[in-house]
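K.L.:
Below you will find the structure I want to go over with you.
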Amino acid sequence: MSDNACCSTLPPVITEGYNPKGRYSEINGVKSYITGAPTAKSGVLSIFDIFGFYPQTLQGADILAQHLNAVVVLPDFFDGKPLSLSQFPPDTPEKKAAVGAFFENQADQGKAVARVKSVLKSLKSEESEWKGVEKWAVIGYCWGGKISTLVSGEGSEFVASVQVHPAFVTAENAQALTIPHFLYASGEEPAEAIEAFKTALASHPNDAVREKSEVEVRSDMFHGWMGARARLGEEKYLLGYKEGYVRVCKFLKKFL
């Protein structure tokens, strides 16, 4: 079945005024959006883009939960201080300064990696209401895609990972992977970096990484088409959003 045909199996996508189906709870001190049945045997830890909780991203989490029959956890690693959409694109000195400061502070990669591991540990603990989840995958959008890649290396407790319209893509990150990975890019990410990542996967010494990882470029989509910047009011990008989530679910279903 084509991804187009599979779109009919998705929950209806609401283009505006979306009412999230999940709830908010604290996990190891981190406010998190949680959606899906607590009895689910599969889980997805979702890492949003730099703009934080947005209806388009929350709806994406709900889609993943329903389509994968999984619990999806979306932690706020920015502690309520995401970057404002008004700062994007950083086309003035003031905006560039604001974005730079954000990446040095709230979006520090090392801190984010440590917090992902901490949250996952809490989710898997005996005290957790999600201790019955047997397999966890991780997905990240833009900046979150970089973090999802960084937590997919040596000692990773995830079974698979995804980065969507990713940022800061490097071949070195591909070489460090130890689990199957899906890089799902738009037409606006640097083509050379995407190709280098793909080449590194093709020659990876780990059989599972080399044989089960995937790279796909949606050249007709823009950076952010499945996250906070999703333009659901435009038919072309609404369809791309639907197709994107079907494509991600198709990959993750192989491992969850």
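Scheme for the structure tokens: letters A, B, ... for chains in order shown; per-chain residue numbers from 1; ligand numbers from 1 in order shown.
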Show me, as a ChimeraX atom specification, the residues that have an atom within 9 Å of Gln56 of chain A when counting only C-alpha atoms, minus same-chain residues fewer than 4 positions from it.
P.N.:
/A:14-16,18,60-61,226-232
K.L.:
Please return as a PyMOL selection string: the residues of segment 38-230 of chain A that backbone DSSP assigns to alpha helix (DSSP H).
P.N.:
chain A and resi 55-68+93-104+109-124+143-150+171-175+191-202+207-212
K.L.:
I want to know what sits within 6 Å of segment 75-85 of chain A, based on only C-alpha atoms, with residues of the same chain fewer than 5 positions away left out; could you give that as an NGL selection string?
P.N.:
:A and (31-32 or 50-52 or 106)
K.L.:
Generate the output file for the selected residues, N, CA and C atoms, as an mmCIF file, in the first residue's frame.
P.N.:
data_model
loop_
_atom_site.group_PDB
_atom_site.id
_atom_site.type_symbol
_atom_site.label_atom_id
_atom_site.label_comp_id
_atom_site.auth_asym_id
_atom_site.auth_seq_id
_atom_site.Cartn_x
_atom_site.Cartn_y
_atom_site.Cartn_z
ATOM 1 N N LYS A 31 8.196 18.739 32.902
ATOM 2 C CA LYS A 31 6.830 18.767 32.403
ATOM 3 C C LYS A 31 6.784 18.064 31.049
ATOM 4 N N SER A 32 5.841 17.133 30.905
ATOM 5 C CA SER A 32 5.783 16.323 29.688
ATOM 6 C C SER A 32 4.346 16.150 29.226
ATOM 7 N N ILE A 50 12.755 23.611 18.365
ATOM 8 C CA ILE A 50 13.134 24.700 19.273
ATOM 9 C C ILE A 50 11.965 25.573 19.709
ATOM 10 N N PHE A 51 10.794 25.365 19.117
ATOM 11 C CA PHE A 51 9.634 26.203 19.439
ATOM 12 C C PHE A 51 8.728 25.603 20.513
ATOM 13 N N GLY A 52 9.082 24.428 21.017
ATOM 14 C CA GLY A 52 8.363 23.867 22.154
ATOM 15 C C GLY A 52 7.010 23.279 21.817
ATOM 16 N N GLN A 106 19.175 27.082 26.775
ATOM 17 C CA GLN A 106 18.100 26.095 26.821
ATOM 18 C C GLN A 106 18.344 24.895 25.910
#
K.L.:
Would you pick out the contacts of Ser156 of chain A at 12 Å or less, using only C-alpha atoms, so that residues sharing its chain but fewer than 2 positions from it are not included, and give the list as JSON, numbers by chain?
P.N.:
{"A": [113, 116, 117, 120, 121, 135, 136, 137, 138, 148, 149, 150, 151, 152, 153, 154, 158, 159, 160, 161, 176, 177, 178, 179, 180]}
K.L.:
If you measure from atom CA of Val248 of chain A to atom CA of Ile63 of chain A, what distance in Å do you get, rounded to one decimal?
P.N.:
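Separation between atom CA of Val248 of chain A and atom CA of Ile63 of chain A: 10.6 Å.
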K.L.:
Report as a PyMOL selection string: the residues of segment 5-55 of chain A with a DSSP assignment of strand (DSSP E or B), based on the backbone of this structure.
P.N.:
chain A and resi 23-27+30-35+42-47
K.L.:
Mind checking which residues fall within 7 Å of Trp143 of chain A, counting only C-alpha atoms, ignoring those fewer than 2 positions away in the same chain, and posting them as a list of chain:residue names?
P.N.:
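Near Trp143 of chain A, the qualifying residues are A:Asp49, A:Ile50, A:Tyr141, A:Gly145, A:Lys146, A:Ile147, A:Pro166, A:Ala167.
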K.L.:
For the selection just defined, write its residues with C-alpha atoms to a file, as a PDB file, in the first residue's frame.
P.N.:
ATOM      1  CA  ASP A  49      11.848  21.442  17.806  1.00  0.00           C
ATOM      2  CA  ILE A  50      13.134  24.700  19.273  1.00  0.00           C
ATOM      3  CA  TYR A 141      12.298  17.298  15.033  1.00  0.00           C
ATOM      4  CA  GLY A 145      16.474  15.315  15.601  1.00  0.00           C
ATOM      5  CA  LYS A 146      20.078  16.029  16.512  1.00  0.00           C
ATOM      6  CA  ILE A 147      19.376  14.953  20.081  1.00  0.00           C
ATOM      7  CA  PRO A 166      16.930  17.567  11.015  1.00  0.00           C
ATOM      8  CA  ALA A 167      19.498  20.162  12.074  1.00  0.00           C
TER       9      ALA A 167
END
K.L.:
Write out as a ChimeraX atom specification each polymer residue whose atoms come within 12 Å of Pro12 of chain A, counting only C-alpha atoms; drop sequence neighbours fewer than 5 positions from it.
P.N.:
/A:7,18,59-60,62-63,66-67,238-239,241-242
K.L.:
Let's have the selection written as an mmCIF file, in the first residue's frame, with all heavy atoms.
P.N.:
data_model
loop_
_atom_site.group_PDB
_atom_site.id
_atom_site.type_symbol
_atom_site.label_atom_id
_atom_site.label_comp_id
_atom_site.auth_asym_id
_atom_site.auth_seq_id
_atom_site.Cartn_x
_atom_site.Cartn_y
_atom_site.Cartn_z
ATOM 1 N N CYS A 7 -2.664 7.211 4.208
ATOM 2 C CA CYS A 7 -3.135 8.412 4.900
ATOM 3 C C CYS A 7 -4.569 8.244 5.381
ATOM 4 O O CYS A 7 -4.982 8.864 6.366
ATOM 5 C CB CYS A 7 -3.037 9.633 3.986
ATOM 6 S SG CYS A 7 -1.370 10.280 3.814
ATOM 7 N N TYR A 18 -6.805 22.761 17.218
ATOM 8 C CA TYR A 18 -6.655 21.363 17.647
ATOM 9 C C TYR A 18 -6.765 21.233 19.163
ATOM 10 O O TYR A 18 -6.180 22.008 19.919
ATOM 11 C CB TYR A 18 -5.309 20.798 17.185
ATOM 12 C CG TYR A 18 -5.145 19.338 17.536
ATOM 13 C CD1 TYR A 18 -5.916 18.375 16.896
ATOM 14 C CD2 TYR A 18 -4.247 18.932 18.515
ATOM 15 C CE1 TYR A 18 -5.784 17.031 17.219
ATOM 16 C CE2 TYR A 18 -4.110 17.585 18.846
ATOM 17 C CZ TYR A 18 -4.893 16.640 18.193
ATOM 18 O OH TYR A 18 -4.780 15.314 18.516
ATOM 19 N N GLN A 59 -0.374 17.390 17.993
ATOM 20 C CA GLN A 59 -1.207 16.538 17.140
ATOM 21 C C GLN A 59 -0.372 15.410 16.541
ATOM 22 O O GLN A 59 -0.836 14.264 16.435
ATOM 23 C CB GLN A 59 -1.866 17.364 16.027
ATOM 24 C CG GLN A 59 -2.807 16.539 15.162
ATOM 25 C CD GLN A 59 -3.719 17.387 14.271
ATOM 26 O OE1 GLN A 59 -4.704 16.883 13.733
ATOM 27 N NE2 GLN A 59 -3.427 18.659 14.125
ATOM 28 N N GLY A 60 0.875 15.723 16.198
ATOM 29 C CA GLY A 60 1.771 14.680 15.701
ATOM 30 C C GLY A 60 1.992 13.586 16.726
ATOM 31 O O GLY A 60 2.018 12.399 16.400
ATOM 32 N N ASP A 62 -0.101 12.730 19.079
ATOM 33 C CA ASP A 62 -1.351 11.970 19.152
ATOM 34 C C ASP A 62 -1.474 10.996 17.982
ATOM 35 O O ASP A 62 -1.948 9.864 18.147
ATOM 36 C CB ASP A 62 -2.548 12.926 19.166
ATOM 37 C CG ASP A 62 -2.691 13.687 20.474
ATOM 38 O OD1 ASP A 62 -2.131 13.232 21.494
ATOM 39 O OD2 ASP A 62 -3.360 14.741 20.476
ATOM 40 N N ILE A 63 -1.034 11.435 16.808
ATOM 41 C CA ILE A 63 -1.078 10.562 15.631
ATOM 42 C C ILE A 63 -0.168 9.355 15.836
ATOM 43 O O ILE A 63 -0.553 8.209 15.578
ATOM 44 C CB ILE A 63 -0.666 11.338 14.360
ATOM 45 C CG1 ILE A 63 -1.749 12.354 13.981
ATOM 46 C CG2 ILE A 63 -0.405 10.377 13.199
ATOM 47 C CD1 ILE A 63 -1.330 13.313 12.874
ATOM 48 N N GLN A 66 -1.749 6.861 18.339
ATOM 49 C CA GLN A 66 -2.864 6.073 17.822
ATOM 50 C C GLN A 66 -2.417 5.114 16.728
ATOM 51 O O GLN A 66 -2.805 3.947 16.718
ATOM 52 C CB GLN A 66 -3.961 6.998 17.288
ATOM 53 C CG GLN A 66 -5.192 6.237 16.798
ATOM 54 C CD GLN A 66 -6.371 7.153 16.523
ATOM 55 O OE1 GLN A 66 -6.487 8.238 17.088
ATOM 56 N NE2 GLN A 66 -7.252 6.718 15.637
ATOM 57 N N HIS A 67 -1.574 5.586 15.830
ATOM 58 C CA HIS A 67 -1.178 4.774 14.682
ATOM 59 C C HIS A 67 -0.251 3.628 15.091
ATOM 60 O O HIS A 67 -0.247 2.566 14.453
ATOM 61 C CB HIS A 67 -0.495 5.664 13.645
ATOM 62 C CG HIS A 67 -0.653 5.191 12.231
ATOM 63 N ND1 HIS A 67 -1.869 4.958 11.635
ATOM 64 C CD2 HIS A 67 0.273 4.888 11.281
ATOM 65 C CE1 HIS A 67 -1.695 4.556 10.386
ATOM 66 N NE2 HIS A 67 -0.397 4.495 10.156
ATOM 67 N N LEU A 238 -0.474 20.124 4.074
ATOM 68 C CA LEU A 238 -1.325 19.261 4.892
ATOM 69 C C LEU A 238 -1.139 17.812 4.463
ATOM 70 O O LEU A 238 -0.967 16.917 5.300
ATOM 71 C CB LEU A 238 -2.792 19.669 4.750
ATOM 72 C CG LEU A 238 -3.825 18.728 5.406
ATOM 73 C CD1 LEU A 238 -3.605 18.640 6.910
ATOM 74 C CD2 LEU A 238 -5.250 19.208 5.092
ATOM 75 N N LEU A 239 -1.136 17.568 3.147
ATOM 76 C CA LEU A 239 -0.919 16.215 2.644
ATOM 77 C C LEU A 239 0.480 15.733 3.008
ATOM 78 O O LEU A 239 0.667 14.581 3.413
ATOM 79 C CB LEU A 239 -1.113 16.177 1.127
ATOM 80 C CG LEU A 239 -0.904 14.809 0.456
ATOM 81 C CD1 LEU A 239 -1.861 13.769 1.030
ATOM 82 C CD2 LEU A 239 -1.091 14.924 -1.068
ATOM 83 N N TYR A 241 2.236 16.603 5.586
ATOM 84 C CA TYR A 241 2.212 16.329 7.026
ATOM 85 C C TYR A 241 1.634 14.929 7.271
ATOM 86 O O TYR A 241 2.215 14.125 8.001
ATOM 87 C CB TYR A 241 1.354 17.397 7.694
ATOM 88 C CG TYR A 241 1.179 17.318 9.189
ATOM 89 C CD1 TYR A 241 2.061 17.973 10.052
ATOM 90 C CD2 TYR A 241 0.088 16.655 9.759
ATOM 91 C CE1 TYR A 241 1.879 17.938 11.436
ATOM 92 C CE2 TYR A 241 -0.107 16.619 11.129
ATOM 93 C CZ TYR A 241 0.793 17.266 11.962
ATOM 94 O OH TYR A 241 0.590 17.234 13.329
ATOM 95 N N LYS A 242 0.500 14.633 6.625
ATOM 96 C CA LYS A 242 -0.119 13.311 6.767
ATOM 97 C C LYS A 242 0.815 12.217 6.265
ATOM 98 O O LYS A 242 1.046 11.209 6.946
ATOM 99 C CB LYS A 242 -1.428 13.258 5.981
ATOM 100 C CG LYS A 242 -2.543 14.139 6.504
ATOM 101 C CD LYS A 242 -3.752 14.034 5.575
ATOM 102 C CE LYS A 242 -4.908 14.890 6.025
ATOM 103 N NZ LYS A 242 -6.049 14.800 5.075
#
K.L.:
Kindly indicate which residue among A:Val169, A:Ala191, A:Val133, A:Ala114 lies nearest to Ala70 of chain A, using only C-alpha atoms for the distances.
P.N.:
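Checking each candidate against Ala70 of chain A, we get A:Val133 as the closest.
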